[in-house]
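Structure data (compact mmCIF, C-alpha atoms) from my_file_35.txt:
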# COMPACT_ATOMS: atom_id res chain seq x y z
CA MET A 14 -9.81 22.33 -7.73
CA ASN A 15 -9.82 19.06 -9.64
CA ILE A 16 -9.96 15.74 -7.81
CA LEU A 17 -8.68 12.43 -9.17
CA ILE A 18 -9.81 9.23 -7.47
CA ASP A 19 -8.17 5.88 -8.16
CA ILE A 20 -10.04 3.08 -6.39
CA GLY A 21 -7.91 -0.04 -6.62
CA ASN A 22 -8.52 -3.56 -5.43
CA THR A 23 -6.66 -3.03 -2.17
CA SER A 24 -6.38 0.71 -1.52
CA CYS A 25 -7.48 4.08 -2.85
CA LYS A 26 -5.52 7.11 -4.03
CA VAL A 27 -6.93 10.63 -4.18
CA ALA A 28 -5.18 13.61 -5.76
CA PHE A 29 -6.27 17.20 -5.15
CA CYS A 30 -5.02 19.19 -8.13
CA PRO A 31 -4.99 22.83 -9.27
CA ALA A 32 -7.95 23.82 -11.43
CA GLN A 33 -5.66 24.01 -14.46
CA PRO A 34 -4.22 20.55 -15.31
CA SER A 35 -0.44 20.41 -15.06
CA GLN A 36 2.19 17.90 -16.11
CA ARG A 37 2.94 15.04 -13.71
CA LEU A 38 0.53 16.22 -11.01
CA ALA A 39 2.61 19.35 -10.33
CA GLY A 40 1.13 21.10 -7.31
CA ALA A 41 -1.12 18.16 -6.48
CA ASP A 42 -1.67 16.76 -3.00
CA VAL A 43 -1.80 12.97 -3.30
CA MET A 44 -3.31 10.94 -0.46
CA ARG A 45 -3.64 7.18 0.05
CA PHE A 46 -6.49 5.51 1.95
CA SER A 47 -7.19 1.96 3.05
CA THR A 48 -10.89 2.00 2.17
CA GLN A 49 -13.22 3.62 -0.33
CA LYS A 50 -15.34 5.02 2.51
CA GLU A 51 -12.33 6.78 4.06
CA SER A 52 -11.32 8.33 0.76
CA ILE A 53 -14.78 9.73 -0.05
CA SER A 54 -15.24 11.02 3.50
CA TYR A 55 -11.93 12.87 3.24
CA VAL A 56 -12.91 14.37 -0.13
CA ARG A 57 -16.12 15.73 1.42
CA LYS A 58 -14.21 17.10 4.40
CA ARG A 59 -11.56 18.70 2.18
CA LEU A 60 -14.17 20.46 0.04
CA GLU A 61 -15.80 22.05 3.11
CA GLY A 62 -19.15 22.41 1.37
CA ARG A 63 -17.68 23.80 -1.85
CA LYS A 64 -17.79 22.06 -5.21
CA ALA A 65 -14.75 20.77 -7.07
CA ASP A 66 -14.37 21.83 -10.69
CA THR A 67 -13.96 18.26 -11.96
CA ILE A 68 -13.83 14.85 -10.34
CA VAL A 69 -12.45 11.95 -12.38
CA LEU A 70 -13.03 8.46 -11.02
CA SER A 71 -11.20 5.25 -11.90
CA ASN A 72 -12.81 2.29 -10.13
CA VAL A 73 -11.80 -1.34 -10.60
CA ARG A 74 -14.25 -2.63 -8.00
CA LYS A 75 -17.91 -3.42 -8.54
CA ARG A 76 -19.64 -0.38 -10.00
CA SER A 77 -21.57 1.68 -7.46
CA VAL A 78 -24.16 4.07 -8.88
CA TYR A 79 -24.64 5.34 -5.32
CA LEU A 80 -20.96 6.31 -5.15
CA GLU A 81 -21.06 8.00 -8.54
CA LYS A 82 -24.15 10.02 -7.61
CA LYS A 83 -22.47 11.08 -4.37
CA LEU A 84 -19.41 12.30 -6.27
CA GLU A 85 -21.55 14.06 -8.88
CA ARG A 86 -23.02 16.22 -6.12
CA MET A 87 -19.51 17.28 -5.05
CA CYS A 88 -18.43 18.79 -8.37
CA ALA A 89 -19.43 20.82 -11.39
CA ARG A 90 -18.33 18.04 -13.74
CA PHE A 91 -18.02 14.33 -13.01
CA VAL A 92 -16.19 11.78 -15.18
CA ASN A 93 -16.47 8.03 -14.65
CA PHE A 94 -13.39 6.85 -16.53
CA ASP A 95 -14.44 3.49 -17.97
CA GLU A 96 -14.77 1.74 -21.34
CA GLU A 97 -17.94 3.60 -22.25
CA PHE A 98 -16.42 6.99 -21.47
CA VAL A 99 -13.28 6.17 -23.47
CA ALA A 100 -15.34 5.05 -26.48
CA ASP A 101 -17.39 8.27 -26.39
CA LEU A 102 -14.25 10.39 -25.99
CA LEU A 103 -12.55 8.77 -28.99
CA LYS A 104 -15.70 9.27 -31.07
CA SER A 105 -16.11 12.94 -30.12
CA LYS A 106 -12.42 13.90 -30.39
CA ALA A 107 -11.45 11.82 -33.44
CA PRO A 108 -7.77 12.20 -32.45
CA ALA A 109 -4.99 12.52 -34.99
CA PRO A 110 -2.87 9.36 -35.47
CA SER A 111 0.00 10.68 -33.35
CA ASP A 112 -2.21 11.96 -30.51
CA PRO A 113 -1.64 10.12 -27.19
CA LEU A 114 -5.39 9.45 -26.98
CA THR A 115 -5.06 7.17 -30.02
CA VAL A 116 -3.35 4.58 -27.79
CA LEU A 117 -6.78 3.83 -26.28
CA ALA A 118 -8.39 3.13 -29.65
CA HIS A 119 -7.57 -0.58 -29.64
CA MET A 120 -8.28 -1.58 -26.04
CA PRO A 121 -9.66 -5.11 -25.65
CA LEU A 122 -13.11 -5.55 -24.15
CA GLY A 123 -13.18 -5.68 -20.37
CA MET A 124 -10.07 -3.56 -19.89
CA GLY A 125 -9.81 -2.22 -16.35
CA ALA A 126 -10.05 1.54 -15.83
CA ASP A 127 -6.72 1.63 -13.99
CA ARG A 128 -4.90 -0.13 -16.83
CA MET A 129 -6.39 2.23 -19.42
CA ALA A 130 -5.43 5.26 -17.34
CA ALA A 131 -1.87 3.98 -16.84
CA ILE A 132 -1.46 3.24 -20.55
CA PHE A 133 -2.74 6.71 -21.46
CA GLY A 134 -0.54 8.30 -18.80
CA ALA A 135 2.53 6.50 -20.13
CA GLU A 136 1.83 7.72 -23.65
CA VAL A 137 1.25 11.30 -22.46
CA LEU A 138 4.59 11.32 -20.61
CA TYR A 139 6.65 9.42 -23.17
CA PRO A 140 4.93 9.80 -26.55
CA LEU A 141 5.69 7.68 -29.57
CA GLN A 142 8.19 5.35 -27.93
CA ASP A 143 8.13 1.57 -27.67
CA LYS A 144 7.35 1.00 -24.00
CA LEU A 145 6.93 -1.69 -21.35
CA VAL A 146 4.80 -0.59 -18.40
CA PHE A 147 4.83 -2.64 -15.18
CA ASP A 148 2.20 -1.88 -12.54
CA PHE A 149 2.75 -3.50 -9.14
CA GLY A 150 -0.51 -3.75 -7.24
CA THR A 151 -2.87 -6.52 -6.19
CA ALA A 152 -2.01 -7.85 -9.63
CA THR A 153 1.22 -7.36 -11.55
CA THR A 154 0.34 -6.09 -15.00
CA VAL A 155 2.61 -5.62 -18.00
CA GLU A 156 1.58 -3.43 -20.93
CA PHE A 157 3.17 -3.30 -24.39
CA ILE A 158 2.85 0.05 -26.16
CA ASP A 159 4.35 0.55 -29.62
CA ALA A 160 5.35 3.50 -31.74
CA ALA A 161 3.82 1.96 -34.85
CA ARG A 162 3.99 2.82 -38.53
CA ASP A 163 1.41 2.21 -41.22
CA ALA A 164 2.80 0.27 -44.18
CA ALA A 165 0.79 2.51 -46.52
CA ALA A 166 2.11 5.69 -44.83
CA PRO A 167 5.48 4.90 -43.22
CA ASP A 168 6.11 8.54 -42.28
CA VAL A 169 3.13 8.49 -39.91
CA VAL A 170 3.97 7.25 -36.41
CA TYR A 171 1.14 6.49 -34.02
CA PRO A 172 0.81 4.94 -30.53
CA TYR A 173 -0.53 1.42 -30.57
CA TYR A 174 -1.43 -0.75 -27.61
CA ARG A 175 -0.40 -4.32 -28.43
CA GLY A 176 -1.60 -6.09 -25.31
CA GLY A 177 -0.19 -7.23 -22.01
CA SER A 178 -0.17 -9.75 -19.21
CA ILE A 179 -1.63 -10.14 -15.72
CA SER A 180 -0.12 -12.14 -12.89
CA LEU A 181 -0.32 -12.14 -9.11
CA GLY A 182 0.92 -9.08 -7.25
CA LEU A 183 3.57 -9.42 -4.55
CA ARG A 184 1.27 -9.36 -1.52
CA THR A 185 -1.23 -11.55 -3.36
CA ARG A 186 1.47 -14.19 -3.85
CA TYR A 187 2.28 -14.16 -0.14
CA ARG A 188 -1.42 -14.29 0.82
CA ALA A 189 -2.13 -17.14 -1.60
CA LEU A 190 0.66 -19.25 -0.15
CA SER A 191 -0.63 -18.64 3.36
CA TYR A 192 -4.23 -19.38 2.38
CA TYR A 193 -3.59 -22.57 0.44
CA THR A 194 -1.01 -24.13 2.76
CA ALA A 195 -1.32 -25.38 6.32
CA LYS A 196 2.01 -24.19 7.71
CA ILE A 197 3.03 -21.05 5.85
CA PRO A 198 1.89 -17.95 7.77
CA TYR A 199 1.28 -14.62 6.08
CA LEU A 200 4.43 -12.52 6.24
CA ASN A 201 4.16 -8.98 4.89
CA PRO A 202 6.74 -8.68 2.07
CA ASP A 203 7.04 -4.94 2.74
CA ASP A 204 8.58 -5.76 6.11
CA PHE A 205 11.26 -7.83 4.37
CA LEU A 206 11.92 -5.09 1.81
CA ASP A 207 12.20 -2.50 4.59
CA SER A 208 15.02 -4.46 6.22
CA HIS A 209 16.83 -5.85 3.16
CA ASP A 210 18.37 -4.45 0.00
CA ILE A 211 16.44 -6.02 -2.87
CA ARG A 212 19.72 -6.34 -4.80
CA SER A 213 21.13 -8.62 -2.12
CA ILE A 214 18.30 -11.17 -2.05
CA ASP A 215 19.72 -14.64 -2.72
CA CYS A 216 17.83 -17.12 -4.84
CA ILE A 217 18.55 -19.75 -2.17
CA GLY A 218 16.57 -19.08 1.01
CA TYR A 219 17.87 -20.40 4.33
CA ASP A 220 14.63 -19.96 6.34
CA LEU A 221 10.95 -19.28 5.68
CA ASP A 222 11.35 -15.51 5.36
CA THR A 223 14.25 -15.66 2.89
CA ALA A 224 12.72 -18.58 0.97
CA LEU A 225 9.51 -16.60 0.44
CA ALA A 226 11.57 -13.59 -0.64
CA ALA A 227 13.58 -15.71 -3.07
CA GLY A 228 10.49 -17.23 -4.61
CA ASN A 229 8.26 -14.18 -4.72
CA ILE A 230 10.21 -10.91 -4.54
CA LEU A 231 13.11 -12.26 -6.57
CA GLY A 232 10.59 -14.13 -8.72
CA ILE A 233 9.07 -10.82 -9.81
CA VAL A 234 12.55 -9.38 -10.41
CA PHE A 235 13.33 -12.33 -12.70
CA GLU A 236 9.98 -11.83 -14.40
CA ILE A 237 10.80 -8.18 -15.14
CA LYS A 238 14.31 -9.01 -16.34
CA GLY A 239 12.89 -11.72 -18.58
CA TYR A 240 10.61 -9.22 -20.31
CA VAL A 241 13.45 -6.70 -20.62
CA ALA A 242 15.80 -9.32 -22.09
CA ALA A 243 13.16 -10.26 -24.66
CA HIS A 244 12.46 -6.59 -25.50
CA PRO A 245 15.69 -4.69 -24.77
CA SER A 246 14.92 -1.64 -26.90
CA ARG A 247 11.71 -0.69 -25.08
CA LYS A 248 11.55 2.08 -22.50
CA LEU A 249 10.84 0.48 -19.14
CA ILE A 250 8.33 2.24 -16.87
CA LEU A 251 7.44 1.01 -13.38
CA THR A 252 4.44 2.17 -11.37
CA GLY A 253 2.47 1.09 -8.32
CA GLY A 254 3.24 0.05 -4.76
CA ASN A 255 6.74 -1.46 -4.88
CA SER A 256 7.93 0.19 -8.09
CA VAL A 257 10.80 2.05 -6.40
CA ARG A 258 12.09 -1.16 -4.82
CA PHE A 259 11.92 -3.16 -8.02
CA ALA A 260 13.61 -0.32 -9.92
CA GLU A 261 16.57 -0.64 -7.51
CA ALA A 262 17.07 -4.20 -8.74
CA LEU A 263 17.30 -3.02 -12.35
CA ASP A 264 20.43 -0.85 -12.00
CA GLY A 265 18.89 2.36 -13.29
CA LYS A 266 17.33 0.81 -16.40
CA ALA A 267 13.78 1.70 -15.38
CA THR A 268 11.87 4.96 -14.99
CA VAL A 269 9.57 5.10 -11.95
CA GLU A 270 6.24 6.91 -12.25
CA GLN A 271 4.46 5.93 -9.06
CA ASP A 272 1.24 7.81 -9.85
CA LEU A 273 0.88 6.86 -13.50
CA VAL A 274 -2.85 6.12 -13.18
CA LEU A 275 -3.48 9.54 -11.65
CA ILE A 276 -1.36 11.19 -14.36
CA GLY A 277 -3.54 9.53 -16.99
CA LEU A 278 -6.71 10.68 -15.23
CA GLU A 279 -5.44 14.26 -15.00
CA ALA A 280 -4.59 14.25 -18.72
CA VAL A 281 -8.23 13.36 -19.45
CA ILE A 282 -9.37 16.69 -17.98
CA GLU A 283 -7.47 18.56 -20.71
CA LEU A 284 -9.64 16.79 -23.30
CA LEU A 285 -13.01 17.73 -21.81
Could you write out this structure as structure tokens?
Amino acid sequence: MNILIDIGNTSCKVAFCPAQPSQRLAGADVMRFSTQKESISYVRKRLEGRKADTIVLSNVRKRSVYLEKKLERMCARFVNFDEEFVADLLKSKAPAPSDPLTVLAHMPLGMGADRMAAIFGAEVLYPLQDKLVFDFGTATTVEFIDAARDAAAPDVVYPYYRGGSISLGLRTRYRALSYYTAKIPYLNPDDFLDSHDIRSIDCIGYDLDTALAAGNILGIVFEIKGYVAAHPSRKLILTGGNSVRFAEALDGKATVEQDLVLIGLEAVIELL
């Protein structure tokens, strides 16, 4: 058994996968937990004293050597997917120009593990295509991935990460408004999305609930559509918490890969 652990800013995902890596987490059991402690406790319980073949960790919180040591004892092989690991992997593998791993060769310093895993996962699933990847979490991130050509060798196509953007995630926008204002309470946007069709949200709110939805939910929809209008030829991939809902607002123009980070982490195992 291989175990993939994605520790995000707000929640944690754990995937229990077959020993042989498979495309798109086929056969995997994916669980979501509110806290890091809950996720690790469940991993220990699930293993029942046995050792996993490989555990791959993506952690965007403060590094915990204690956590890493704990996970190391639960498996035959432990991978902490971070900048240092990626640099060592690129050096040892020396990937061919068209290899999906090449997309990680030009990451800027300080790149989060989850963003790197999502970018790699997107390239593994949809190789050598110009792509826009939206990840809806605590932050909303946008990644630009190119199918690039070298002027000196135009027949060679290779994946190239151009860069991206980071803005507030949906819940973070709602929480910030509640925190920094005296009279706006925190309303969970998921409750609004559960009771409304995202395609029917009006840009003119008639009460607090609909005004917040217009400014924040619809605001993100406009943000996505703005990127798409500026880059219409790119494949649009959505991942993260509300990706299915936001895809509904795009009339079938987007592909949803909710577990893109985990897909990237699983693809790493094939390279070890």
Which residues of segment 64-124 of chain A have any atom within 6 Å of an atom in segment 15-21 of chain A when counting only C-alpha atoms, and what is the closest pair of atoms for each, with the distance in Å to one decimal? Order the rows by chain and rising number and write it as a tab-separated table.
residue	atom	partner	partner_atom	distance
A:Ala65	CA	A:Asn15	CA	5.8
A:Asp66	CA	A:Asn15	CA	5.4
A:Thr67	CA	A:Asn15	CA	4.8
A:Ile68	CA	A:Ile16	CA	4.7
A:Val69	CA	A:Leu17	CA	5.0
A:Leu70	CA	A:Ile18	CA	4.9
A:Ser71	CA	A:Asp19	CA	4.9
A:Asn72	CA	A:Ile20	CA	4.7
A:Val73	CA	A:Gly21	CA	5.7
Atomic separation - atom CA of Val274 of chain A relative to atom CA of Lys83 of chain A, Å: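 Taking atom CA of Lys83 of chain A and atom CA of Val274 of chain A, their separation equals 22.1 Å.
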Counting all atoms listed in the file, the option among A:Thr194, A:Thr154, A:Ser47, A:Asn201 closest to Thr252 of chain A: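 Of the candidates, the smallest distance to Thr252 of chain A is held by A:Thr154.
When atom CA of Ser111 of chain A is paired with atom CA of Pro140 of chain A, their separation reads 8.4 Å.
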Point-to-point distance from atom CA of Thr185 of chain A to atom CA of Tyr199 of chain A, Å rounded to tenths: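 Interatomic distance, atom CA of Thr185 of chain A to atom CA of Tyr199 of chain A: 10.2 Å.
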Coordinates of box centre and edge lengths for segment 183-186 of chain A, 4 Å on every side, axis-aligned, as AutoDock Vina command-line options:
--center_x 1.2 --center_y -11.8 --center_z -3.0 --size_x 12.8 --size_y 12.8 --size_z 11.0
Excluding segment 119-126 of chain A and its own-chain neighbours fewer than 4 positions away, which residues fall within 12 Å of it when counting all atoms listed in the file? Please give them as a PDB file with C-alpha atoms, in the coordinates of the input.
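Just written: result.pdb:
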ATOM      1  CA  ILE A  18      -9.810   9.230  -7.470  1.00  0.00           C
ATOM      2  CA  ASP A  19      -8.170   5.880  -8.160  1.00  0.00           C
ATOM      3  CA  ILE A  20     -10.040   3.080  -6.390  1.00  0.00           C
ATOM      4  CA  GLY A  21      -7.910  -0.040  -6.620  1.00  0.00           C
ATOM      5  CA  ASN A  22      -8.520  -3.560  -5.430  1.00  0.00           C
ATOM      6  CA  VAL A  69     -12.450  11.950 -12.380  1.00  0.00           C
ATOM      7  CA  LEU A  70     -13.030   8.460 -11.020  1.00  0.00           C
ATOM      8  CA  SER A  71     -11.200   5.250 -11.900  1.00  0.00           C
ATOM      9  CA  ASN A  72     -12.810   2.290 -10.130  1.00  0.00           C
ATOM     10  CA  VAL A  73     -11.800  -1.340 -10.600  1.00  0.00           C
ATOM     11  CA  ARG A  74     -14.250  -2.630  -8.000  1.00  0.00           C
ATOM     12  CA  LYS A  75     -17.910  -3.420  -8.540  1.00  0.00           C
ATOM     13  CA  ARG A  76     -19.640  -0.380 -10.000  1.00  0.00           C
ATOM     14  CA  VAL A  92     -16.190  11.780 -15.180  1.00  0.00           C
ATOM     15  CA  ASN A  93     -16.470   8.030 -14.650  1.00  0.00           C
ATOM     16  CA  PHE A  94     -13.390   6.850 -16.530  1.00  0.00           C
ATOM     17  CA  ASP A  95     -14.440   3.490 -17.970  1.00  0.00           C
ATOM     18  CA  GLU A  96     -14.770   1.740 -21.340  1.00  0.00           C
ATOM     19  CA  GLU A  97     -17.940   3.600 -22.250  1.00  0.00           C
ATOM     20  CA  PHE A  98     -16.420   6.990 -21.470  1.00  0.00           C
ATOM     21  CA  VAL A  99     -13.280   6.170 -23.470  1.00  0.00           C
ATOM     22  CA  ALA A 100     -15.340   5.050 -26.480  1.00  0.00           C
ATOM     23  CA  LEU A 103     -12.550   8.770 -28.990  1.00  0.00           C
ATOM     24  CA  LEU A 114      -5.390   9.450 -26.980  1.00  0.00           C
ATOM     25  CA  THR A 115      -5.060   7.170 -30.020  1.00  0.00           C
ATOM     26  CA  ALA A 130      -5.430   5.260 -17.340  1.00  0.00           C
ATOM     27  CA  ALA A 131      -1.870   3.980 -16.840  1.00  0.00           C
ATOM     28  CA  ILE A 132      -1.460   3.240 -20.550  1.00  0.00           C
ATOM     29  CA  PHE A 133      -2.740   6.710 -21.460  1.00  0.00           C
ATOM     30  CA  ALA A 152      -2.010  -7.850  -9.630  1.00  0.00           C
ATOM     31  CA  THR A 154       0.340  -6.090 -15.000  1.00  0.00           C
ATOM     32  CA  GLU A 156       1.580  -3.430 -20.930  1.00  0.00           C
ATOM     33  CA  PHE A 157       3.170  -3.300 -24.390  1.00  0.00           C
ATOM     34  CA  ILE A 158       2.850   0.050 -26.160  1.00  0.00           C
ATOM     35  CA  ASP A 159       4.350   0.550 -29.620  1.00  0.00           C
ATOM     36  CA  PRO A 172       0.810   4.940 -30.530  1.00  0.00           C
ATOM     37  CA  TYR A 173      -0.530   1.420 -30.570  1.00  0.00           C
ATOM     38  CA  TYR A 174      -1.430  -0.750 -27.610  1.00  0.00           C
ATOM     39  CA  ARG A 175      -0.400  -4.320 -28.430  1.00  0.00           C
ATOM     40  CA  GLY A 176      -1.600  -6.090 -25.310  1.00  0.00           C
ATOM     41  CA  GLY A 177      -0.190  -7.230 -22.010  1.00  0.00           C
ATOM     42  CA  SER A 178      -0.170  -9.750 -19.210  1.00  0.00           C
ATOM     43  CA  ILE A 179      -1.630 -10.140 -15.720  1.00  0.00           C
ATOM     44  CA  VAL A 274      -2.850   6.120 -13.180  1.00  0.00           C
ATOM     45  CA  LEU A 275      -3.480   9.540 -11.650  1.00  0.00           C
ATOM     46  CA  GLY A 277      -3.540   9.530 -16.990  1.00  0.00           C
ATOM     47  CA  LEU A 278      -6.710  10.680 -15.230  1.00  0.00           C
TER      48      LEU A 278
END
Distance criterion (all atoms listed in the file): nearest to Asp203 of chain A out of A:Arg258, A:Phe235, A:Ile217, A:Ala166: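 The shortest atom-to-atom distance to Asp203 of chain A comes from A:Arg258.
Shortest separation to Gln36 of chain A among A:Ala118, A:Leu273, A:Asp148, A:Glu51 occurs at residue A:Leu273, atoms counted being only C-alpha atoms.
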Selected residue of minimal separation from Ser246 of chain A among A:Ile276, A:Val170, A:Ala160, A:Leu183, counting all atoms listed in the file: A:Ala160
Shell around Leu38 of chain A at 9 Å using all atoms listed in the file, local window under 6 positions removed, as number ranges by chain: A: 28, 30-31, 272, 275-276, 279
Counting all atoms listed in the file, the option among A:Phe147, A:Gly182, A:Ala165, A:Lys196 closest to Lys238 of chain A: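 Checking each candidate against Lys238 of chain A, we get A:Phe147 as the closest.
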Among listed residues A:Ile230, A:Ala107, A:Ala164, A:Val27, nearest Leu181 of chain A (using only C-alpha atoms):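 Of all the options, A:Ile230 lies closest to Leu181 of chain A.
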Will you model N, CA and C atoms for segment 179-199 of chain A and pass it back as an mmCIF file, keeping the file's coordinate frame?
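New file result.cif:
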data_model
loop_
_atom_site.group_PDB
_atom_site.id
_atom_site.type_symbol
_atom_site.label_atom_id
_atom_site.label_comp_id
_atom_site.auth_asym_id
_atom_site.auth_seq_id
_atom_site.Cartn_x
_atom_site.Cartn_y
_atom_site.Cartn_z
ATOM 1 N N ILE A 179 -1.188 -10.332 -17.110
ATOM 2 C CA ILE A 179 -1.630 -10.140 -15.720
ATOM 3 C C ILE A 179 -1.174 -11.347 -14.911
ATOM 4 N N SER A 180 -0.500 -11.073 -13.811
ATOM 5 C CA SER A 180 -0.120 -12.140 -12.890
ATOM 6 C C SER A 180 -0.383 -11.662 -11.466
ATOM 7 N N LEU A 181 -0.078 -12.499 -10.494
ATOM 8 C CA LEU A 181 -0.320 -12.140 -9.110
ATOM 9 C C LEU A 181 0.622 -11.026 -8.656
ATOM 10 N N GLY A 182 0.094 -10.098 -7.858
ATOM 11 C CA GLY A 182 0.920 -9.080 -7.250
ATOM 12 C C GLY A 182 1.729 -9.674 -6.098
ATOM 13 N N LEU A 183 2.664 -8.898 -5.576
ATOM 14 C CA LEU A 183 3.570 -9.420 -4.550
ATOM 15 C C LEU A 183 2.820 -9.851 -3.293
ATOM 16 N N ARG A 184 2.015 -8.980 -2.726
ATOM 17 C CA ARG A 184 1.270 -9.360 -1.520
ATOM 18 C C ARG A 184 0.302 -10.494 -1.808
ATOM 19 N N THR A 185 -0.284 -10.491 -2.996
ATOM 20 C CA THR A 185 -1.230 -11.550 -3.360
ATOM 21 C C THR A 185 -0.537 -12.902 -3.387
ATOM 22 N N ARG A 186 0.704 -12.943 -3.833
ATOM 23 C CA ARG A 186 1.470 -14.190 -3.850
ATOM 24 C C ARG A 186 1.690 -14.698 -2.430
ATOM 25 N N TYR A 187 2.067 -13.788 -1.543
ATOM 26 C CA TYR A 187 2.280 -14.160 -0.140
ATOM 27 C C TYR A 187 0.962 -14.641 0.492
ATOM 28 N N ARG A 188 -0.127 -13.916 0.220
ATOM 29 C CA ARG A 188 -1.420 -14.290 0.820
ATOM 30 C C ARG A 188 -1.900 -15.639 0.282
ATOM 31 N N ALA A 189 -1.692 -15.877 -1.003
ATOM 32 C CA ALA A 189 -2.130 -17.140 -1.600
ATOM 33 C C ALA A 189 -1.397 -18.322 -0.978
ATOM 34 N N LEU A 190 -0.108 -18.178 -0.763
ATOM 35 C CA LEU A 190 0.660 -19.250 -0.150
ATOM 36 C C LEU A 190 0.183 -19.524 1.275
ATOM 37 N N SER A 191 -0.133 -18.466 2.000
ATOM 38 C CA SER A 191 -0.630 -18.640 3.360
ATOM 39 C C SER A 191 -2.005 -19.291 3.369
ATOM 40 N N TYR A 192 -2.852 -18.876 2.423
ATOM 41 C CA TYR A 192 -4.230 -19.380 2.380
ATOM 42 C C TYR A 192 -4.291 -20.845 1.969
ATOM 43 N N TYR A 193 -3.479 -21.220 1.010
ATOM 44 C CA TYR A 193 -3.590 -22.570 0.440
ATOM 45 C C TYR A 193 -2.635 -23.596 1.068
ATOM 46 N N THR A 194 -1.878 -23.182 2.064
ATOM 47 C CA THR A 194 -1.010 -24.130 2.760
ATOM 48 C C THR A 194 -1.341 -24.147 4.245
ATOM 49 N N ALA A 195 -0.977 -25.227 4.900
ATOM 50 C CA ALA A 195 -1.320 -25.380 6.320
ATOM 51 C C ALA A 195 -0.291 -24.724 7.235
ATOM 52 N N LYS A 196 0.957 -24.601 6.778
ATOM 53 C CA LYS A 196 2.010 -24.190 7.710
ATOM 54 C C LYS A 196 2.763 -22.929 7.321
ATOM 55 N N ILE A 197 2.365 -22.293 6.230
ATOM 56 C CA ILE A 197 3.030 -21.050 5.850
ATOM 57 C C ILE A 197 2.177 -19.882 6.334
ATOM 58 N N PRO A 198 2.653 -19.112 7.305
ATOM 59 C CA PRO A 198 1.890 -17.950 7.770
ATOM 60 C C PRO A 198 2.013 -16.800 6.780
ATOM 61 N N TYR A 199 1.141 -15.805 6.929
ATOM 62 C CA TYR A 199 1.280 -14.620 6.080
ATOM 63 C C TYR A 199 2.350 -13.712 6.660
#
